[in-house]
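The next block holds one structure in the form of structure tokens; read it before the comments.
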Amino acid sequence: MTATEPIAGVGARGELAAVATGISKIYGTGETRVLALDDVSVGFRRAEYTAIMGPSGSGKSTLMHCMAGLDSISTGSVRLGDVELSSLDDKKLTLLRREKIGFVFQAFNLLPTLTALENITLPMDIAGVKPDQAWLDHVIETVDLRDRLKHRPSELSGGQQQRVACARALASRPEIIFADEPTGNLDSRSGAEVLGFLRASVRESGQTIVMVTHDPNAASYADRVLFLADGRIVDEMLDPTSDLVLERMKRFDATRTT
């Protein structure tokens, strides 16, 4: 497979939620020039859970940020549905992120003065959009926090706080959710709660999720894993298990030490 050859998801079965074609990302110039992404093409199908893995500095977070419109690309094309991101000005890009994209990050990013429910509905409140109550109830049941909705973040466990953050990302029914190390600050039990919720949102609600992680166990919850190295997609694994992912990651370590 060449760097410019689209991998599974582009031209494959299923409708695409997002697609990148030949994208590169360069930071700096001259001696400080860094090629973070090198001619990457990839697609993400609707109702699919994709994990992105690779060594530190491989470009995995850069890829996610470019796909989500949080960072610009140097060359190539990124489309969300039928919208080309480079065609949007800052105002339209902000509106698209608000309406079409959900975000879950390692830091929960909850407002401490708001209740769990207020944190969940905050993006819609800011946008002046009334929640779909039936969908909101479904999301709340899925995260299993019905009896904690009036609690503030300080009164919730780490796993509960991250589930609130996940619910906030889902509440507006975005076309795609990007999650950057969503279990990085959690213990194993809380992490399993959040990963189980994300998995359920794909299977039961048809959500599309792209997750950056360094954890083979977290990656095993996904439908497929993309492996990056030096800014390129170098491998793909379908129906991953934690053992298979761990073995693949060990090969990265072996390559870097030889």
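Identifiers in the structure tokens: chain A, B, ... in order shown; residue index from 1 per chain; ligand index from 1 in order shown.
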Excluding region 80-95 of chain A and its own-chain neighbours fewer than 5 positions away, which residues fall within 9 Å of it when counting only C-alpha atoms? Please give them as a short mmCIF file (atom, residue, chain, number, x, y, z; two decimals) with C-alpha atoms, in the first residue's frame.
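The result, written out as around05.cif:
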```cif
data_model
loop_
_atom_site.label_atom_id
_atom_site.label_comp_id
_atom_site.auth_asym_id
_atom_site.auth_seq_id
_atom_site.Cartn_x
_atom_site.Cartn_y
_atom_site.Cartn_z
CA GLU A 15 -21.42 5.85 3.42
CA LEU A 16 -18.49 8.01 4.45
CA ALA A 17 -18.82 10.41 7.37
CA ALA A 18 -15.42 11.97 6.68
CA VAL A 19 -12.63 11.49 4.16
CA ALA A 20 -9.11 12.85 3.71
CA MET A 67 -10.11 15.88 10.19
CA ALA A 68 -12.07 17.78 12.84
CA GLY A 69 -11.24 21.20 11.43
CA SER A 72 -5.60 23.46 8.83
CA ILE A 73 -3.91 21.21 6.29
CA LYS A 100 -21.74 18.37 12.88
CA GLU A 175 -22.27 13.31 12.31
CA ILE A 176 -18.96 12.26 13.84
#
```
Any idea what's packed within 10 Å of region 169-174 of chain A, counting only C-alpha atoms, ignoring anything in its chain fewer than 4 positions away? Could you give it as a PyMOL selection string? chain A and resi 96-104+120-124+129-133+135-140+163-165+178-179+198+201+205+207-208
Could you list, as a compact mmCIF listing (two decimals) with N, CA and C atoms, in the first residue's frame, every residue within 12 Å of Leu244 (chain A), counting only C-alpha atoms and ignoring same-chain residues fewer than 3 positions away?
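Saved result, result-v7.txt, follows:
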```
# COMPACT_ATOMS: atom_id res chain seq x y z
N PRO A 216 -3.64 -0.39 23.96
CA PRO A 216 -4.16 -1.50 23.16
C PRO A 216 -5.53 -1.99 23.62
N ASN A 217 -5.78 -1.94 24.92
CA ASN A 217 -7.09 -2.37 25.41
C ASN A 217 -8.19 -1.43 24.92
N ALA A 219 -8.09 0.33 22.21
CA ALA A 219 -8.22 0.12 20.77
C ALA A 219 -9.05 -1.12 20.46
N SER A 220 -9.06 -2.09 21.37
CA SER A 220 -9.79 -3.33 21.11
C SER A 220 -11.30 -3.13 21.09
N ARG A 224 -11.96 -1.06 13.88
CA ARG A 224 -10.68 -1.16 13.18
C ARG A 224 -9.69 -0.21 13.83
N VAL A 225 -8.41 -0.50 13.59
CA VAL A 225 -7.33 0.34 14.10
C VAL A 225 -6.45 0.76 12.93
N GLU A 236 -3.33 -1.33 8.97
CA GLU A 236 -4.73 -1.29 9.40
C GLU A 236 -5.08 -2.66 9.96
N MET A 237 -5.89 -2.69 11.01
CA MET A 237 -6.32 -3.94 11.61
C MET A 237 -7.84 -3.89 11.80
N LEU A 238 -8.52 -4.90 11.31
CA LEU A 238 -9.96 -5.02 11.50
C LEU A 238 -10.24 -5.97 12.66
N ASP A 239 -11.34 -5.74 13.35
CA ASP A 239 -11.74 -6.57 14.49
C ASP A 239 -10.56 -6.79 15.44
N PRO A 240 -9.99 -5.73 15.97
CA PRO A 240 -8.78 -5.86 16.78
C PRO A 240 -9.04 -6.48 18.15
N THR A 241 -8.01 -7.13 18.67
CA THR A 241 -7.97 -7.54 20.07
C THR A 241 -6.79 -6.84 20.71
N GLU A 247 0.96 -6.57 20.01
CA GLU A 247 2.02 -7.16 19.19
C GLU A 247 2.41 -6.22 18.06
N ARG A 248 1.40 -5.58 17.45
CA ARG A 248 1.71 -4.65 16.36
C ARG A 248 2.48 -3.45 16.87
N MET A 249 2.13 -2.94 18.04
CA MET A 249 2.84 -1.79 18.60
C MET A 249 4.27 -2.15 18.98
N LYS A 250 4.49 -3.39 19.41
CA LYS A 250 5.85 -3.82 19.75
C LYS A 250 6.76 -3.77 18.53
N ARG A 251 6.18 -4.00 17.35
CA ARG A 251 6.97 -3.93 16.12
C ARG A 251 7.45 -2.51 15.85
```
Within region 83-200 of chain A, find each residue whose DSSP state, derived from the backbone, is helix (DSSP H, G or I), and express the selection as a VMD selection string. chain A and resid 85 to 87 90 to 100 116 to 127 133 to 143 146 to 148 153 to 155 158 to 171 188 to 200
Taking the backbone alone, and naming residues the way the document does, which bits of region 101-248 of chain A are strand (DSSP E) by DSSP, as an mmCIF file with N, CA and C atoms, in the first residue's frame?
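Everything below was put into states-v5.cif:
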```
data_model
loop_
_atom_site.group_PDB
_atom_site.id
_atom_site.type_symbol
_atom_site.label_atom_id
_atom_site.label_comp_id
_atom_site.auth_asym_id
_atom_site.auth_seq_id
_atom_site.Cartn_x
_atom_site.Cartn_y
_atom_site.Cartn_z
ATOM 1 N N ILE A 101 -19.971 18.071 14.567
ATOM 2 C CA ILE A 101 -18.871 17.348 15.186
ATOM 3 C C ILE A 101 -18.997 17.373 16.701
ATOM 4 N N GLY A 102 -18.712 16.229 17.318
ATOM 5 C CA GLY A 102 -18.625 16.151 18.775
ATOM 6 C C GLY A 102 -17.178 15.893 19.177
ATOM 7 N N PHE A 103 -16.794 16.393 20.344
ATOM 8 C CA PHE A 103 -15.427 16.233 20.818
ATOM 9 C C PHE A 103 -15.408 15.654 22.225
ATOM 10 N N VAL A 104 -14.505 14.703 22.443
ATOM 11 C CA VAL A 104 -14.246 14.171 23.782
ATOM 12 C C VAL A 104 -12.732 14.150 23.956
ATOM 13 N N PHE A 105 -12.241 14.845 24.981
ATOM 14 C CA PHE A 105 -10.804 14.929 25.183
ATOM 15 C C PHE A 105 -10.392 14.306 26.511
ATOM 16 N N ILE A 176 -20.150 12.999 13.463
ATOM 17 C CA ILE A 176 -18.956 12.258 13.836
ATOM 18 C C ILE A 176 -18.425 12.790 15.163
ATOM 19 N N ILE A 177 -17.866 11.895 15.964
ATOM 20 C CA ILE A 177 -17.249 12.276 17.236
ATOM 21 C C ILE A 177 -15.762 11.961 17.176
ATOM 22 N N PHE A 178 -14.952 12.939 17.558
ATOM 23 C CA PHE A 178 -13.513 12.750 17.669
ATOM 24 C C PHE A 178 -13.142 12.718 19.145
ATOM 25 N N ALA A 179 -12.421 11.674 19.536
ATOM 26 C CA ALA A 179 -12.035 11.488 20.937
ATOM 27 C C ALA A 179 -10.517 11.364 21.028
ATOM 28 N N ASP A 180 -9.883 12.247 21.776
ATOM 29 C CA ASP A 180 -8.425 12.265 21.901
ATOM 30 C C ASP A 180 -8.037 11.743 23.276
ATOM 31 N N ILE A 209 -17.314 7.222 15.374
ATOM 32 C CA ILE A 209 -16.311 7.664 16.345
ATOM 33 C C ILE A 209 -14.909 7.432 15.810
ATOM 34 N N VAL A 210 -14.064 8.443 15.955
ATOM 35 C CA VAL A 210 -12.637 8.341 15.656
ATOM 36 C C VAL A 210 -11.889 8.672 16.938
ATOM 37 N N MET A 211 -11.099 7.724 17.430
ATOM 38 C CA MET A 211 -10.450 7.867 18.736
ATOM 39 C C MET A 211 -8.939 7.691 18.616
ATOM 40 N N VAL A 212 -8.198 8.660 19.117
ATOM 41 C CA VAL A 212 -6.749 8.521 19.252
ATOM 42 C C VAL A 212 -6.454 7.905 20.614
ATOM 43 N N ARG A 224 -11.961 -1.058 13.875
ATOM 44 C CA ARG A 224 -10.683 -1.155 13.177
ATOM 45 C C ARG A 224 -9.690 -0.211 13.832
ATOM 46 N N VAL A 225 -8.408 -0.496 13.589
ATOM 47 C CA VAL A 225 -7.327 0.341 14.099
ATOM 48 C C VAL A 225 -6.449 0.764 12.935
ATOM 49 N N LEU A 226 -6.157 2.057 12.853
ATOM 50 C CA LEU A 226 -5.190 2.572 11.899
ATOM 51 C C LEU A 226 -3.887 2.844 12.638
ATOM 52 N N PHE A 227 -2.770 2.429 12.052
ATOM 53 C CA PHE A 227 -1.461 2.632 12.660
ATOM 54 C C PHE A 227 -0.684 3.666 11.847
ATOM 55 N N LEU A 228 -0.181 4.690 12.542
ATOM 56 C CA LEU A 228 0.596 5.732 11.901
ATOM 57 C C LEU A 228 2.052 5.644 12.331
ATOM 58 N N ALA A 229 2.937 6.010 11.425
ATOM 59 C CA ALA A 229 4.358 6.138 11.730
ATOM 60 C C ALA A 229 4.929 7.206 10.810
ATOM 61 N N ARG A 232 2.565 8.846 8.258
ATOM 62 C CA ARG A 232 1.901 8.049 7.234
ATOM 63 C C ARG A 232 1.116 6.908 7.877
ATOM 64 N N ILE A 233 0.040 6.492 7.228
ATOM 65 C CA ILE A 233 -0.682 5.294 7.650
ATOM 66 C C ILE A 233 0.079 4.093 7.110
ATOM 67 N N VAL A 234 0.540 3.250 8.017
ATOM 68 C CA VAL A 234 1.391 2.129 7.608
ATOM 69 C C VAL A 234 0.716 0.774 7.764
ATOM 70 N N ASP A 235 -0.419 0.731 8.461
ATOM 71 C CA ASP A 235 -1.094 -0.549 8.641
ATOM 72 C C ASP A 235 -2.515 -0.296 9.103
ATOM 73 N N GLU A 236 -3.334 -1.329 8.970
ATOM 74 C CA GLU A 236 -4.727 -1.295 9.405
ATOM 75 C C GLU A 236 -5.083 -2.659 9.956
ATOM 76 N N MET A 237 -5.886 -2.686 11.011
ATOM 77 C CA MET A 237 -6.324 -3.942 11.610
ATOM 78 C C MET A 237 -7.837 -3.892 11.800
ATOM 79 N N LEU A 238 -8.520 -4.902 11.310
ATOM 80 C CA LEU A 238 -9.958 -5.023 11.504
ATOM 81 C C LEU A 238 -10.244 -5.970 12.656
#
```
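Interatomic distance, CA of Pro182 (chain A) to CA of Gln161 (chain A): 11.1 Å.
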Nearest-residue call for Leu37 (chain A), choices A:Glu141, A:Asp71, A:Asp243, A:Glu181, using only C-alpha atoms: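 Closest to Leu37 (chain A) of all the choices is A:Asp71.
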Distance query Ala200 (chain A) at most 10 Å, only C-alpha atoms, self and fewer than 6 positions along chain excluded, as an NGL selection string: :A and (142-143 or 194 or 206-207 or 221)
Those same residues, written as a JSON list (two decimals), in the first residue's frame with all heavy atoms?
```
[["chain", "number", "residue", "atom", "x", "y", "z"],
["A", 142, "THR", "N", -28.17, 5.93, 28.22],
["A", 142, "THR", "CA", -27.01, 5.19, 27.73],
["A", 142, "THR", "C", -25.80, 5.41, 28.63],
["A", 142, "THR", "O", -25.04, 4.47, 28.91],
["A", 142, "THR", "CB", -26.67, 5.60, 26.28],
["A", 142, "THR", "OG1", -27.81, 5.37, 25.45],
["A", 142, "THR", "CG2", -25.50, 4.78, 25.75],
["A", 143, "VAL", "N", -25.60, 6.64, 29.10],
["A", 143, "VAL", "CA", -24.45, 6.91, 29.97],
["A", 143, "VAL", "C", -24.73, 6.50, 31.41],
["A", 143, "VAL", "O", -23.82, 6.54, 32.25],
["A", 143, "VAL", "CB", -24.04, 8.40, 29.93],
["A", 143, "VAL", "CG1", -23.57, 8.79, 28.56],
["A", 143, "VAL", "CG2", -25.16, 9.31, 30.40],
["A", 194, "VAL", "N", -16.29, 4.13, 30.14],
["A", 194, "VAL", "CA", -16.36, 5.09, 29.04],
["A", 194, "VAL", "C", -16.25, 4.39, 27.69],
["A", 194, "VAL", "O", -17.01, 4.67, 26.76],
["A", 194, "VAL", "CB", -15.26, 6.15, 29.19],
["A", 194, "VAL", "CG1", -15.16, 7.03, 27.95],
["A", 194, "VAL", "CG2", -15.53, 7.01, 30.42],
["A", 206, "GLY", "N", -25.78, 4.15, 16.05],
["A", 206, "GLY", "CA", -25.23, 4.45, 14.74],
["A", 206, "GLY", "C", -24.25, 5.59, 14.71],
["A", 206, "GLY", "O", -24.04, 6.22, 13.66],
["A", 207, "GLN", "N", -23.62, 5.88, 15.85],
["A", 207, "GLN", "CA", -22.67, 6.98, 15.92],
["A", 207, "GLN", "C", -21.37, 6.62, 15.21],
["A", 207, "GLN", "O", -21.00, 5.45, 15.13],
["A", 207, "GLN", "CB", -22.37, 7.34, 17.38],
["A", 207, "GLN", "CG", -21.51, 8.57, 17.58],
["A", 207, "GLN", "CD", -22.17, 9.80, 17.00],
["A", 207, "GLN", "OE1", -23.27, 10.17, 17.38],
["A", 207, "GLN", "NE2", -21.50, 10.44, 16.05],
["A", 221, "TYR", "N", -11.79, -2.00, 21.58],
["A", 221, "TYR", "CA", -13.21, -1.70, 21.53],
["A", 221, "TYR", "C", -13.64, -1.22, 20.14],
["A", 221, "TYR", "O", -14.83, -1.14, 19.85],
["A", 221, "TYR", "CB", -13.56, -0.61, 22.55],
["A", 221, "TYR", "CG", -13.64, -1.10, 23.98],
["A", 221, "TYR", "CD1", -12.49, -1.36, 24.71],
["A", 221, "TYR", "CD2", -14.87, -1.29, 24.62],
["A", 221, "TYR", "CE1", -12.55, -1.81, 26.02],
["A", 221, "TYR", "CE2", -14.94, -1.72, 25.93],
["A", 221, "TYR", "CZ", -13.78, -1.98, 26.63],
["A", 221, "TYR", "OH", -13.83, -2.42, 27.93]]
```
So the first atom is CA of Leu186 (chain A) and the second is CA of Leu156 (chain A); what is the distance between them in Å, to one decimal place?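 Between CA of Leu186 (chain A) and CA of Leu156 (chain A) the gap is 12.8 Å.
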